[in-house]
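This is final_15.txt (compact mmCIF, C-alpha atoms and all ligand atoms).
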# COMPACT_ATOMS: atom_id res chain seq x y z
CA MET A 144 68.20 38.54 -201.75
CA LYS A 145 67.62 38.15 -198.00
CA GLY A 146 67.34 34.97 -195.95
CA ILE A 147 69.49 31.89 -195.42
CA LYS A 148 71.77 31.32 -198.40
CA GLY A 149 73.00 27.82 -199.20
CA ASP A 150 71.32 26.45 -196.04
CA THR A 151 74.13 28.00 -193.98
CA PHE A 152 73.83 30.32 -190.99
CA ALA A 153 76.90 31.45 -189.02
CA GLY A 154 78.85 28.40 -190.19
CA HIS A 155 76.06 25.92 -189.34
CA THR A 156 73.98 23.95 -191.82
CA VAL A 157 70.33 24.82 -191.27
CA LYS A 158 67.77 23.24 -193.58
CA PRO A 159 64.08 24.17 -193.92
CA GLY A 160 62.28 22.83 -190.83
CA ASP A 161 65.37 23.07 -188.58
CA ILE A 162 65.85 24.99 -185.36
CA ALA A 163 69.48 25.98 -184.85
CA GLN A 164 71.02 27.42 -181.72
CA VAL A 165 74.41 28.92 -182.42
CA ASP A 166 76.86 30.89 -180.34
CA LEU A 167 77.87 33.82 -182.50
CA LYS A 168 81.35 35.20 -181.92
CA VAL A 169 81.25 38.99 -181.45
CA SER A 170 84.49 39.72 -179.56
CA GLU A 171 87.27 38.20 -177.43
CA THR A 172 88.10 38.25 -173.72
CA VAL A 173 91.36 39.62 -172.31
CA THR A 174 92.47 36.01 -171.86
CA HIS A 175 91.87 35.41 -175.57
CA GLN A 176 88.74 33.26 -175.32
CA PRO A 177 86.03 34.01 -177.85
CA SER A 178 83.09 36.11 -176.57
CA ARG A 179 79.90 34.77 -178.09
CA ILE A 180 76.21 35.61 -177.94
CA PRO A 181 73.39 33.05 -178.19
CA VAL A 182 71.35 33.21 -181.41
CA THR A 183 68.43 30.95 -182.34
CA LEU A 184 67.28 30.53 -185.92
CA VAL A 185 63.89 28.95 -186.48
CA ARG A 186 63.72 28.06 -190.15
CA GLY A 187 60.21 27.51 -191.44
CA ARG A 188 59.51 24.56 -193.66
CA GLU A 189 58.09 26.97 -196.25
CA ASP A 190 59.84 29.98 -197.76
CA GLY A 191 58.98 33.45 -196.48
CA PRO A 192 60.48 36.59 -194.97
CA THR A 193 63.25 36.69 -192.36
CA LEU A 194 62.57 38.64 -189.15
CA PHE A 195 65.17 39.40 -186.48
CA VAL A 196 64.22 40.12 -182.85
CA THR A 197 66.91 41.50 -180.54
CA GLY A 198 66.96 42.03 -176.76
CA ALA A 199 69.35 43.56 -174.20
CA ILE A 200 71.40 45.75 -176.52
CA HIS A 201 71.34 47.78 -173.34
CA GLY A 202 72.55 45.09 -170.96
CA ASP A 203 70.17 45.86 -168.07
CA GLU A 204 67.01 45.97 -170.22
CA ILE A 205 65.98 42.38 -169.65
CA ASN A 206 62.23 42.23 -170.38
CA GLY A 207 63.23 41.68 -174.03
CA VAL A 208 65.28 38.61 -173.07
CA ALA A 209 62.11 36.95 -171.75
CA ILE A 210 60.09 38.09 -174.77
CA VAL A 211 62.54 36.48 -177.24
CA ARG A 212 62.58 33.26 -175.21
CA ARG A 213 58.77 33.17 -175.11
CA VAL A 214 58.47 33.72 -178.87
CA LEU A 215 61.06 31.02 -179.64
CA ASP A 216 59.28 28.55 -177.37
CA ALA A 217 56.00 29.16 -179.20
CA LEU A 218 57.25 28.65 -182.75
CA GLU A 219 57.11 25.45 -184.75
CA PRO A 220 58.97 25.31 -188.09
CA ASP A 221 56.04 23.40 -189.63
CA ALA A 222 53.69 26.31 -188.93
CA LEU A 223 56.18 29.00 -189.99
CA ARG A 224 56.91 30.59 -193.34
CA GLY A 225 60.37 32.12 -193.53
CA ASN A 226 62.86 32.55 -190.70
CA LEU A 227 62.83 33.99 -187.21
CA ILE A 228 66.23 34.97 -185.82
CA GLY A 229 66.07 35.52 -182.05
CA VAL A 230 68.96 37.25 -180.30
CA PRO A 231 67.92 37.50 -176.64
CA VAL A 232 71.14 39.06 -175.30
CA VAL A 233 73.09 41.28 -177.69
CA ASN A 234 75.19 43.06 -175.05
CA ARG A 235 76.32 40.03 -173.05
CA PHE A 236 78.94 42.12 -171.22
CA GLY A 237 76.39 44.60 -169.84
CA PHE A 238 73.90 41.78 -169.23
CA GLY A 239 76.38 39.97 -166.97
CA ASN A 240 77.14 43.15 -165.04
CA GLN A 241 73.49 44.37 -164.99
CA ASP A 242 74.70 47.44 -166.78
CA ARG A 243 73.41 49.36 -169.81
CA TYR A 244 76.87 49.85 -171.31
CA LEU A 245 79.80 47.86 -172.65
CA PRO A 246 82.93 47.48 -170.46
CA ASP A 247 84.45 50.56 -172.15
CA ARG A 248 81.35 52.57 -171.08
CA ARG A 249 80.18 52.90 -174.66
CA ASP A 250 76.50 52.62 -175.55
CA LEU A 251 76.34 49.78 -178.11
CA ASN A 252 73.13 51.25 -179.54
CA ARG A 253 75.03 54.26 -180.91
CA PHE A 254 77.51 52.27 -183.04
CA PHE A 255 75.41 50.61 -185.75
CA PRO A 256 75.97 49.58 -188.50
CA GLY A 257 79.42 49.10 -186.95
CA ASP A 258 82.97 49.06 -188.24
CA ARG A 259 85.26 46.02 -188.52
CA SER A 260 88.33 48.08 -187.58
CA GLY A 261 86.66 50.45 -185.10
CA SER A 262 86.16 50.48 -181.31
CA MET A 263 84.97 47.45 -179.34
CA ALA A 264 81.38 48.67 -179.70
CA SER A 265 81.75 49.22 -183.47
CA ARG A 266 83.15 45.72 -183.97
CA ILE A 267 80.36 44.01 -181.97
CA ALA A 268 77.78 46.07 -183.87
CA ASP A 269 79.42 45.05 -187.16
CA HIS A 270 79.19 41.31 -186.31
CA LEU A 271 75.47 41.57 -185.51
CA PHE A 272 74.72 43.79 -188.47
CA ARG A 273 76.44 41.61 -191.07
CA LYS A 274 75.42 38.21 -189.71
CA VAL A 275 71.86 38.88 -188.55
CA VAL A 276 70.43 42.24 -189.65
CA GLN A 277 71.53 42.25 -193.28
CA ILE A 278 70.07 38.81 -194.01
CA SER A 279 66.69 39.92 -192.59
CA ASP A 280 63.70 41.57 -194.26
CA ALA A 281 62.51 43.30 -191.07
CA GLY A 282 63.44 43.67 -187.41
CA ILE A 283 62.13 44.33 -183.92
CA ASP A 284 64.47 45.67 -181.24
CA LEU A 285 63.26 45.25 -177.64
CA HIS A 286 64.05 47.87 -174.97
CA THR A 287 62.94 49.19 -171.58
CA ALA A 288 63.35 52.56 -169.90
CA ALA A 289 66.77 53.53 -168.56
CA THR A 290 67.62 53.28 -164.85
CA GLY A 291 65.30 55.39 -162.68
CA GLN A 292 62.51 55.55 -165.27
CA SER A 293 59.43 53.57 -166.28
CA ASN A 294 58.00 53.48 -169.81
CA LEU A 295 54.55 52.96 -171.23
CA CYS A 296 54.45 49.89 -173.50
CA HIS A 297 54.69 51.51 -176.92
CA ILE A 298 56.32 51.22 -180.33
CA ARG A 299 58.83 53.64 -181.84
CA GLY A 300 59.85 53.87 -185.46
CA ASP A 301 60.04 56.06 -188.53
CA ALA A 302 56.33 56.46 -189.28
CA ASP A 303 57.19 58.47 -192.41
CA ASP A 304 58.49 55.23 -193.94
CA ALA A 305 55.38 53.42 -195.19
CA VAL A 306 56.72 49.91 -194.51
CA VAL A 307 57.93 50.80 -190.99
CA LYS A 308 54.58 52.45 -190.25
CA GLU A 309 52.73 49.23 -191.15
CA LEU A 310 55.06 47.21 -188.89
CA MET A 311 54.41 49.68 -186.04
CA LYS A 312 50.65 49.36 -186.45
CA ALA A 313 50.89 45.58 -186.76
CA PHE A 314 52.54 45.26 -183.32
CA GLY A 315 49.21 46.35 -181.85
CA THR A 316 50.00 48.78 -179.01
CA PRO A 317 47.71 51.83 -178.80
CA ILE A 318 50.56 54.37 -178.76
CA LEU A 319 53.04 54.56 -181.66
CA VAL A 320 55.79 57.18 -181.45
CA ASN A 321 57.23 58.57 -184.67
CA HIS A 322 61.00 58.77 -184.17
CA ASN A 323 63.60 57.30 -186.47
CA GLY A 324 66.03 56.87 -183.56
CA PRO A 325 69.37 58.40 -182.60
CA ARG A 326 72.27 58.17 -185.05
CA GLY A 327 73.97 54.80 -184.64
CA SER A 328 70.91 53.11 -183.14
CA LEU A 329 70.09 49.65 -184.50
CA ARG A 330 66.62 50.57 -185.72
CA ARG A 331 67.82 53.63 -187.61
CA ALA A 332 70.85 51.96 -189.19
CA ALA A 333 68.83 48.87 -190.14
CA THR A 334 65.96 50.91 -191.64
CA GLU A 335 68.46 53.06 -193.56
CA SER A 336 69.99 49.91 -195.04
CA ALA A 337 66.60 48.66 -196.29
CA VAL A 338 65.73 46.44 -193.30
CA PRO A 339 62.65 48.22 -191.86
CA THR A 340 62.95 47.95 -188.08
CA ILE A 341 60.80 49.02 -185.14
CA LEU A 342 61.54 49.35 -181.44
CA PHE A 343 59.38 48.12 -178.55
CA GLU A 344 59.93 50.42 -175.57
CA ALA A 345 58.34 49.18 -172.37
CA GLY A 346 58.63 48.96 -168.59
CA GLU A 347 61.67 49.21 -166.36
CA PRO A 348 65.24 47.86 -166.47
CA SER A 349 66.67 45.04 -164.33
CA ARG A 350 63.43 43.12 -163.86
CA PHE A 351 60.97 40.81 -165.59
CA GLN A 352 57.51 42.40 -165.79
CA HIS A 353 54.81 39.96 -166.81
CA HIS A 354 52.53 42.45 -168.53
CA VAL A 355 55.45 43.78 -170.62
CA ILE A 356 56.52 40.25 -171.60
CA GLU A 357 52.93 39.31 -172.51
CA ILE A 358 52.40 42.44 -174.64
CA GLY A 359 55.82 42.08 -176.30
CA TYR A 360 55.27 38.40 -177.06
CA GLU A 361 51.91 39.01 -178.67
CA GLY A 362 53.26 42.03 -180.55
CA VAL A 363 56.06 39.99 -182.16
CA LEU A 364 53.56 37.30 -183.24
CA ARG A 365 51.27 40.00 -184.66
CA VAL A 366 54.15 41.38 -186.75
CA MET A 367 54.93 37.85 -187.96
CA ARG A 368 51.30 37.44 -188.97
CA HIS A 369 51.45 40.81 -190.78
CA LEU A 370 54.54 39.63 -192.70
CA GLY A 371 52.76 36.42 -193.71
CA MET A 372 54.98 34.19 -191.54
CA LEU A 373 52.10 32.78 -189.45
CA ASP A 374 48.48 31.92 -190.21
CA ARG A 375 47.30 32.81 -186.73
CA ARG A 376 44.76 35.65 -186.60
CA PHE A 377 44.43 38.47 -184.11
CA PRO A 378 41.66 40.92 -183.32
CA LYS A 379 42.16 44.41 -184.69
CA PRO A 380 43.45 46.89 -182.07
CA ALA A 381 40.58 48.95 -180.63
CA PHE A 382 42.58 52.19 -180.71
CA GLN A 383 45.90 53.34 -182.15
CA THR A 384 47.44 56.75 -182.64
CA ILE A 385 50.80 58.06 -183.81
CA VAL A 386 52.51 60.56 -181.50
CA ARG A 387 54.60 62.95 -183.58
CA ARG A 388 55.88 65.32 -180.89
CA SER A 389 56.85 64.75 -177.30
CA GLU A 390 58.67 66.59 -174.54
CA TRP A 391 60.18 65.87 -171.14
CA VAL A 392 58.90 68.03 -168.29
CA ARG A 393 61.86 69.18 -166.16
CA VAL A 394 61.85 70.37 -162.57
CA ASP A 395 63.34 73.67 -161.43
CA HIS A 396 64.11 72.79 -157.81
CA GLY A 397 65.81 70.16 -155.72
CA GLY A 398 63.71 68.15 -153.26
CA LEU A 399 61.56 65.08 -152.87
CA LEU A 400 59.43 64.30 -155.89
CA ASP A 401 55.83 63.11 -155.62
CA LEU A 402 54.33 62.44 -159.05
CA THR A 403 50.58 61.96 -159.43
CA VAL A 404 50.70 60.43 -162.93
CA GLU A 405 52.06 57.22 -164.36
CA PRO A 406 52.82 55.91 -167.84
CA GLY A 407 49.65 55.67 -169.92
CA ASP A 408 47.75 58.46 -168.11
CA LEU A 409 46.15 61.16 -170.22
CA VAL A 410 46.94 64.71 -169.06
CA GLN A 411 45.54 68.12 -169.86
CA ALA A 412 47.80 71.11 -170.58
CA LYS A 413 48.72 72.93 -167.33
CA GLN A 414 47.34 70.08 -165.19
CA ARG A 415 49.27 69.53 -161.96
CA ILE A 416 51.18 66.27 -162.35
CA GLY A 417 53.36 66.34 -159.23
CA VAL A 418 54.77 68.29 -156.31
CA ILE A 419 58.21 68.78 -154.73
CA HIS A 420 58.69 68.99 -150.98
CA ASP A 421 61.78 69.56 -148.88
CA PRO A 422 62.73 66.83 -146.35
CA PHE A 423 60.62 68.60 -143.66
CA GLY A 424 57.50 68.33 -145.82
CA ARG A 425 57.42 71.99 -146.76
CA HIS A 426 55.98 72.70 -150.19
CA VAL A 427 58.70 73.72 -152.68
CA ASP A 428 57.14 73.62 -156.13
CA GLU A 429 54.48 72.12 -158.36
CA ILE A 430 55.00 70.37 -161.69
CA HIS A 431 52.53 70.94 -164.53
CA ALA A 432 51.91 69.29 -167.88
CA THR A 433 53.33 71.39 -170.71
CA ARG A 434 50.69 70.20 -173.24
CA SER A 435 47.79 67.76 -173.43
CA GLY A 436 48.71 64.20 -174.24
CA VAL A 437 49.73 60.81 -172.95
CA VAL A 438 52.42 60.09 -170.35
CA LEU A 439 55.09 58.02 -172.12
CA SER A 440 57.58 57.78 -169.22
CA THR A 441 58.02 58.85 -165.62
CA ALA A 442 60.90 59.01 -163.17
CA THR A 443 60.75 56.21 -160.60
CA VAL A 444 63.32 57.69 -158.19
CA PRO A 445 61.65 60.34 -156.01
CA LEU A 446 64.67 62.64 -155.85
CA SER A 447 64.74 65.85 -157.81
CA PHE A 448 67.57 68.11 -158.87
CA PRO A 449 67.00 71.31 -160.84
CA GLY A 450 66.80 70.26 -164.49
CA ASN A 451 65.80 66.62 -163.88
CA ALA A 452 63.53 65.24 -166.57
CA VAL A 453 60.64 63.62 -164.68
CA VAL A 454 57.67 63.12 -167.01
CA HIS A 455 57.73 62.48 -170.75
CA ILE A 456 54.52 63.62 -172.46
CA GLY A 457 53.56 62.54 -175.99
CA TYR A 458 51.37 65.28 -177.42
CA LEU A 459 47.93 64.30 -178.66
CA HIS A 460 45.77 66.73 -180.60
CA LYS A 461 43.14 65.34 -182.96
CA THR A 462 43.07 61.92 -181.30
CA LEU A 463 42.87 63.14 -177.69
CA GLN A 464 39.07 62.80 -177.52
CA ARG A 465 39.18 59.32 -179.07
CA ALA A 466 41.92 58.34 -176.62
CA ARG A 467 39.74 59.50 -173.70
CA ARG A 468 36.78 57.55 -175.00
CA TYR A 469 38.95 54.44 -175.42
CA VAL A 470 40.22 54.70 -171.84
CA ARG A 471 36.68 55.28 -170.51
CA GLU A 472 35.49 52.14 -172.25
CA ASP A 473 37.82 49.94 -170.17
CA GLY A 474 40.78 50.35 -172.48
CA ASP A 475 44.07 51.63 -171.22
CA LEU A 476 46.88 53.12 -173.23
CA GLY A 477 49.40 50.78 -171.62
CA HIS A 478 47.53 47.88 -173.24
CA VAL A 479 47.40 46.02 -169.90
CA ASN A 480 43.58 45.75 -169.62
CA TRP A 481 43.43 44.57 -173.19
CA ILE A 482 45.98 41.84 -172.61
CA LYS A 483 44.21 40.78 -169.38
CA ALA A 484 40.91 40.59 -171.27
CA THR A 485 42.56 38.45 -173.98
CA ARG A 486 43.92 36.14 -171.30
CA ARG A 487 40.47 35.87 -169.65
CA ARG A 488 38.89 35.12 -173.03
CA LYS A 489 41.47 32.39 -173.69
CA ALA A 490 40.93 30.88 -170.22
CA ARG A 491 37.14 30.90 -170.70
CA LYS A 492 37.48 29.26 -174.08
CA ALA A 493 39.89 26.61 -172.75
CA LYS A 494 37.50 25.89 -169.85
CA GLY A 495 34.59 25.60 -172.29
CA THR A 496 36.58 23.19 -174.47
CA ARG A 497 37.49 21.02 -171.48
CA LYS A 498 33.84 20.92 -170.39
CA ALA A 499 32.69 20.03 -173.88
CA VAL A 500 35.25 17.22 -174.13
CA ALA A 501 34.34 15.89 -170.67
CA GLY A 502 30.63 15.97 -171.54
CA LYS A 503 30.97 14.09 -174.81
CA THR A 504 30.74 10.34 -175.10
CA GLY A 505 31.34 8.12 -178.08
CA ALA A 506 34.15 7.84 -180.56
CA ALA A 507 34.58 11.48 -181.62
CA VAL A 508 36.93 12.60 -178.85
CA PRO A 509 39.11 9.47 -178.55
CA GLN A 510 39.70 9.64 -182.30
CA GLU A 511 40.96 13.21 -182.09
CA ALA A 512 43.54 12.58 -179.38
CA PRO A 513 45.71 9.92 -181.09
CA LYS A 514 45.63 12.01 -184.28
CA ALA A 515 47.06 15.04 -182.46
CA LYS A 516 49.60 12.85 -180.72
CA LYS A 517 50.65 11.30 -184.00
CA ALA A 518 50.98 14.70 -185.66
CA ALA A 519 53.11 15.92 -182.77
CA GLY A 520 55.35 12.89 -183.04
CA ALA A 521 55.79 13.46 -186.77
CA LYS A 522 56.61 17.12 -186.12
CA LYS A 523 59.17 16.19 -183.51
CA ARG A 524 60.87 13.73 -185.82
CA ALA A 525 60.83 16.15 -188.74
CA THR A 526 62.28 19.05 -186.73
CA LYS A 527 65.99 18.52 -186.75
CA ARG A 528 67.70 20.50 -184.04
CA THR A 529 71.25 21.28 -185.06
CA THR A 530 72.51 21.71 -181.52
CA THR A 531 71.54 20.15 -178.24
CA ARG A 532 71.61 23.39 -176.30
CA ARG A 533 67.86 23.91 -176.33
CA SER A 534 66.66 23.46 -172.78
CA THR A 535 64.49 20.48 -171.94
CA PRO A 536 61.39 22.50 -170.94
CA SER A 537 61.49 24.33 -174.28
CA ALA A 538 61.95 21.17 -176.25
CA GLY A 539 59.12 19.56 -174.34
CA LYS A 540 56.87 22.51 -174.99
CA ALA A 541 57.79 22.60 -178.65
CA ALA A 542 56.79 18.96 -179.04
CA LYS A 543 53.19 19.68 -178.01
CA PRO A 544 50.69 19.69 -180.86
CA ARG A 545 49.99 23.20 -182.03
CA THR A 546 47.39 24.52 -184.34
CA PRO A 547 48.37 27.45 -186.55
CA ARG A 548 45.35 29.44 -185.38
CA GLY A 549 45.14 30.63 -181.82
CA PRO A 550 42.07 30.95 -179.69
CA GLU A 551 41.58 34.48 -181.01
CA GLY A 552 40.82 33.03 -184.43
CA ALA A 553 37.21 34.13 -184.15
CA GLY A 554 38.23 37.80 -183.95
CA LYS A 555 38.75 40.24 -186.77
CA GLU A 556 41.88 40.07 -188.82
CA ASP A 557 44.63 42.53 -188.12
CA ALA A 558 44.65 45.77 -190.13
ZN ZN A 601 67.40 50.64 -174.41
Would you mind writing the file out in structure tokens?
Ligand SMILES: [Zn+2]
Amino acid sequence: MKGIKGDTFAGHTVKPGDIAQVDLKVSETVTHQPSRIPVTLVRGREDGPTLFVTGAIHGDEINGVAIVRRVLDALEPDALRGNLIGVPVVNRFGFGNQDRYLPDRRDLNRFFPGDRSGSMASRIADHLFRKVVQISDAGIDLHTAATGQSNLCHIRGDADDAVVKELMKAFGTPILVNHNGPRGSLRRAATESAVPTILFEAGEPSRFQHHVIEIGYEGVLRVMRHLGMLDRRFPKPAFQTIVRRSEWVRVDHGGLLDLTVEPGDLVQAKQRIGVIHDPFGRHVDEIHATRSGVVLSTATVPLSFPGNAVVHIGYLHKTLQRARRYVREDGDLGHVNWIKATRRRKARKAKGTRKAVAGKTGAAVPQEAPKAKKAAGAKKRATKRTTTRRSTPSAGKAAKPRTPRGPEGAGKEDA
């Protein structure tokens, strides 16, 4: 049985309707202080599934940190079924040093499910796995490209596992990549131990990118809706396809790299996708697409050594024509146009509501306002926060009245 047993999480009492912020011990410093990571548990007033969302397992991949924060700010226990466990910074050591790795240069995402008597990485992995992953019914792990690369916003997971495949589709991005993950990765270890887990791979390391945060935030809420944790409804994605094979295009010569494609572009087999010049501007070589498909990642550093992987192409076969049509019709495979359109729709709707309220006279509107205020007050009183660490802006935001259905409520339900 998954979930919070005996109203206890990491040594804290957390009752239905509570939000708990705990510092979870995962290691110790050389001066013998405990090393802890921040974990927030939002416990819905009603029973339901438990979902974990993790960021910065690779310490410099920080878009996920902002996504977790955004999701936590948006949730109200009264409108939630089940539990959301947000772990914004798993690798706090790498995060502090703006580094992918742990201090011993190990990649934490190769040591799951962990080992209590193993290396530093194994022991940290073990803490997270036992205390967070194994009490969950599903998980989302948030990543970005490695240093020197940029990724299309897409989802990765084991699409041959029916439950994982549904989670991948629920997240809503157009491109879903079938890959169960390297041995020791969180998503693979979790899925293998019956906690179906997907990975959001998007953008660049060491920076906050608003479109990535927006897409990731909405994707997490969509998965929560799919799991029955929220009542909010979302429009069905206009296009989705599963990429089953992909390959990095490598260069054969050293020089200065000038790529003509970016993540999300569709390419045709043998199409020229870049050139290499020497420092005097003399032409050295051309780079061509190996197959037709979608660009999943590109190098962002314009320096090339023989053997450098510079463009990652996800092969598309049967869905290539549909993908082209989708892009032509103002879609884009990076999901950015779609998110912008959603934002515009929300803004238009909010403007319309404001106008309607301003235009109305009589008792209808004044009656609504105190009701909402009263409901918010009741919510605030009922939501016991077990620690005082939650920042004031978040607490303030959480106290605003929220309706379980977003402005997209008029759209079609998710698939
Ligand atoms: Zn990563």
So that I can see what lies close to Tyr244 of chain A, please list as a PDB file with C-alpha atoms, in the frame of the given file the residues with an atom at most 9 Å from it, counting only C-alpha atoms and leaving out residues fewer than 3 positions away in the same chain.
ATOM      1  CA  ILE A 200      71.400  45.750-176.520  1.00  0.00           C
ATOM      2  CA  HIS A 201      71.340  47.780-173.340  1.00  0.00           C
ATOM      3  CA  GLY A 202      72.550  45.090-170.960  1.00  0.00           C
ATOM      4  CA  ASP A 203      70.170  45.860-168.070  1.00  0.00           C
ATOM      5  CA  ASN A 234      75.190  43.060-175.050  1.00  0.00           C
ATOM      6  CA  PHE A 236      78.940  42.120-171.220  1.00  0.00           C
ATOM      7  CA  GLY A 237      76.390  44.600-169.840  1.00  0.00           C
ATOM      8  CA  PHE A 238      73.900  41.780-169.230  1.00  0.00           C
ATOM      9  CA  ASP A 247      84.450  50.560-172.150  1.00  0.00           C
ATOM     10  CA  ARG A 248      81.350  52.570-171.080  1.00  0.00           C
ATOM     11  CA  ARG A 249      80.180  52.900-174.660  1.00  0.00           C
ATOM     12  CA  ASP A 250      76.500  52.620-175.550  1.00  0.00           C
ATOM     13  CA  LEU A 251      76.340  49.780-178.110  1.00  0.00           C
TER      14      LEU A 251
END
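Remark: for ligand ZN 601 (chain A), the closest of the candidate residues A:Ser178, A:Thr193, A:Gln241, A:Asn252 is A:Asn252 (distances computed over only C-alpha atoms and all ligand atoms).
Residues surrounding segment 414-422 of chain A within 6 Å are Gly398, Leu399, Leu400, Asp401, Leu402, Thr403, Val404, Val427, Asp428, Glu429, Ile430, His431 and Ala432 of chain A [only C-alpha atoms; sequence separation below 5 positions excluded].
In this model, the gap between atom CA of Asp284 of chain A and atom CA of Gln176 of chain A comes to 27.9 Å.
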Within 7 Å of ligand ZN 601 (chain A), counting all atoms listed in the file, which protein or nucleic acid residues do you find, written as a ChimeraX atom specification? /A:200-201,204,286-289
Need the shell around Val410 of chain A: protein/DNA/RNA residues with any atom at most 12 Å away, counting all atoms listed in the file. Skip same-chain ones fewer than 5 positions apart. Format as a list in words? Thr403, Val404, Glu405, Arg415, Ile416, Gly417, His431, Ala432, Thr433, Arg434, Ser435, Gly436, Val437, Val438, Leu439, Val454, His455, Ile456, Gly457, Tyr458, Leu459, His460, Leu463, Gln464, Ala466 and Arg467 of chain A
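Distance check against Lys158 of chain A using only C-alpha atoms: of A:Ile283, A:Val276, A:Val470, A:Leu184, the minimum falls on A:Leu184.
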Residues of segment 366-421 of chain A that have any atom at most 10 Å from an atom of segment 320-336 of chain A: could you tabulate them with the shortest-distance atom pair and the distance in Å to one decimal, using only C-alpha atoms, ordered by chain and increasing number, as a tab-separated table?
residue	atom	partner	partner_atom	distance
A:Thr384	CA	A:Val320	CA	8.4
A:Ile385	CA	A:Val320	CA	5.6
A:Val386	CA	A:Val320	CA	4.7
A:Arg387	CA	A:Asn321	CA	5.2
A:Arg388	CA	A:Asn321	CA	7.9
A:Ser389	CA	A:Val320	CA	8.7
Take every atom of segment 148-155 of chain A listed in the file, pad by 5 Å on each side, and give me the axis-aligned box centre and edge lengths in Å, one decimal, as lines of an AutoDock Vina configuration file.
center_x = 75.1
center_y = 28.7
center_z = -194.1
size_x = 17.5
size_y = 15.5
size_z = 20.2
Cut-off 7 Å around (55.3, 53.9, -183.5) with all atoms listed in the file: residues as a compact mmCIF listing (two decimals) with C-alpha atoms, in the coordinates of the input:
# COMPACT_ATOMS: atom_id res chain seq x y z
CA ILE A 298 56.32 51.22 -180.33
CA ARG A 299 58.83 53.64 -181.84
CA GLY A 300 59.85 53.87 -185.46
CA ALA A 302 56.33 56.46 -189.28
CA LYS A 308 54.58 52.45 -190.25
CA MET A 311 54.41 49.68 -186.04
CA ILE A 318 50.56 54.37 -178.76
CA LEU A 319 53.04 54.56 -181.66
CA VAL A 320 55.79 57.18 -181.45
CA ASN A 321 57.23 58.57 -184.67
CA ILE A 385 50.80 58.06 -183.81
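The coordinates place atom CA of Asn294 of chain A at 17.3 Å from atom CA of Gln383 of chain A.
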Each residue of segment 157-257 of chain A lying at most 10 Å from segment 145-149 of chain A should get a row with its shortest atom-to-atom pair and the distance in Å to one decimal, counting all atoms listed in the file; could you produce that, ordered by chain and increasing number, as JSON lines?
{"residue": "A:Val157", "atom": "CA", "partner": "A:Ile147", "partner_atom": "CA", "distance": 8.2}
{"residue": "A:Lys158", "atom": "CA", "partner": "A:Gly149", "partner_atom": "CA", "distance": 8.9}
{"residue": "A:Pro159", "atom": "CA", "partner": "A:Ile147", "partner_atom": "CA", "distance": 9.5}
{"residue": "A:Leu184", "atom": "CA", "partner": "A:Ile147", "partner_atom": "CA", "distance": 9.8}
{"residue": "A:Arg186", "atom": "CA", "partner": "A:Ile147", "partner_atom": "CA", "distance": 8.7}
{"residue": "A:Asp190", "atom": "CA", "partner": "A:Gly146", "partner_atom": "CA", "distance": 9.2}
{"residue": "A:Gly191", "atom": "CA", "partner": "A:Gly146", "partner_atom": "CA", "distance": 8.5}
{"residue": "A:Pro192", "atom": "CA", "partner": "A:Gly146", "partner_atom": "CA", "distance": 7.1}
{"residue": "A:Thr193", "atom": "CA", "partner": "A:Gly146", "partner_atom": "CA", "distance": 5.7}
{"residue": "A:Leu194", "atom": "CA", "partner": "A:Gly146", "partner_atom": "CA", "distance": 9.1}
{"residue": "A:Gly225", "atom": "CA", "partner": "A:Gly146", "partner_atom": "CA", "distance": 7.9}
{"residue": "A:Asn226", "atom": "CA", "partner": "A:Gly146", "partner_atom": "CA", "distance": 7.3}
{"residue": "A:Leu227", "atom": "CA", "partner": "A:Gly146", "partner_atom": "CA", "distance": 9.9}
Write out the residues from the selection above, keeping C-alpha atoms, as a CSV table (one decimal), in the coordinates of the input.
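For reference, result_32.csv as written:
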chain,number,residue,atom,x,y,z
A,157,VAL,CA,70.3,24.8,-191.3
A,158,LYS,CA,67.8,23.2,-193.6
A,159,PRO,CA,64.1,24.2,-193.9
A,184,LEU,CA,67.3,30.5,-185.9
A,186,ARG,CA,63.7,28.1,-190.2
A,190,ASP,CA,59.8,30.0,-197.8
A,191,GLY,CA,59.0,33.4,-196.5
A,192,PRO,CA,60.5,36.6,-195.0
A,193,THR,CA,63.2,36.7,-192.4
A,194,LEU,CA,62.6,38.6,-189.2
A,225,GLY,CA,60.4,32.1,-193.5
A,226,ASN,CA,62.9,32.6,-190.7
A,227,LEU,CA,62.8,34.0,-187.2
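Straight-line separation from atom CA of Phe314 of chain A to atom CA of Lys492 of chain A: 23.8 Å.
Across A:Asp258, A:Gly291, A:Val307, A:Lys312, the tightest approach to Pro445 of chain A is made by A:Gly291 when counting all atoms listed in the file.
With only C-alpha atoms as the atoms that count, the residue of A:Cys296, A:Ala484, A:Leu476, A:Leu364 with the shortest distance to Glu344 of chain A is A:Cys296.
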Contacts of Ile356 of chain A at 12 Å (all atoms listed in the file; same-chain gap of 2+ positions) as a PyMOL selection string: chain A and resi 198+205-214+285-287+296+343-347+350-354+358-363+478-479+482
Contacts of Val165 of chain A at 7 Å (all atoms listed in the file; same-chain gap of 6+ positions) as a compact mmCIF listing (two decimals) with C-alpha atoms, in the frame of the given file:
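The resulting result-v1.txt:
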# COMPACT_ATOMS: atom_id res chain seq x y z
CA PRO A 181 73.39 33.05 -178.19
CA VAL A 182 71.35 33.21 -181.41
CA THR A 183 68.43 30.95 -182.34
Which residue of A:Arg188, A:Arg259, A:Lys494, A:Arg425 approaches Pro220 of chain A most closely, using all atoms listed in the file: A:Arg188
